[in-house]
Amino acid sequence: MLDQRITDLLNEQVAKEFYSAYLYLAFSDHYEEAGLKGYAHWYEIQAQEERDHALLIRRYLHDAGCTVTLGTLAAPDVQFVDNLAPLQAGYDHELYITASINDIYATAVELHDFRTMQFLDWFVGEQAEEEMNASKLISDMKLFGDSRGLYELDREYSARAYAAPSIMVAP
Ligand code: FEO
């Protein structure tokens, strides 16, 4: 059993991760409708990863004997002025998720909840990767996003393959 504060924060994080999936599906819709199927594909994969993050936390709560309480998801704001805007919104969103994971970690430290700290270690590393990926999407589009370059980038992103998180795959 976990402290109620940790349980509440992790339940909120489940909703945040599902919202991330929802947000990235909205990005994917934007790119699909703009004719950029590679970016649309990239964000579909990203949405799958976010769903996995939510399921990992849900599983952790169940395995710890805690009650899982699913929250409400808001509709994402999809008023994008151009093709760069979703990428910037994605980077900002990842910073928000990193801060949220860090807050849970800080609470676990305060409560001497070493089990949750160990569980969250994977998420700390994952967030570093997520921020790096989101940042690269922005710099690539700024550097190479004129018409021919954007075509090439779109082809590159169409090659992204889904891989389940390493801690989700049985050894
Ligand atoms: Fe689950 Fe992109 O953080």
# chains A, B, ... in the order shown; residues from 1 in each chain; ligands from 1

$ residues_near_ligand --ligand "ligand 1" --cutoff "12 Å" --atoms "only C-alpha atoms and all ligand atoms" --output "VMD selection string"
chain A and resid 13 to 24 43 45 to 57 89 to 101 120 122 to 134 165

$ closest_residue --among "A:Ala161, A:Asp113, A:Asp140, A:Asn83" --to "Gly35 in chain A" --atoms "only C-alpha atoms"
A:Asn83

$ atom_distance --atom1 "CA of Leu73 in chain A" --atom2 "CA of Asn11 in chain A"
12.8 Å
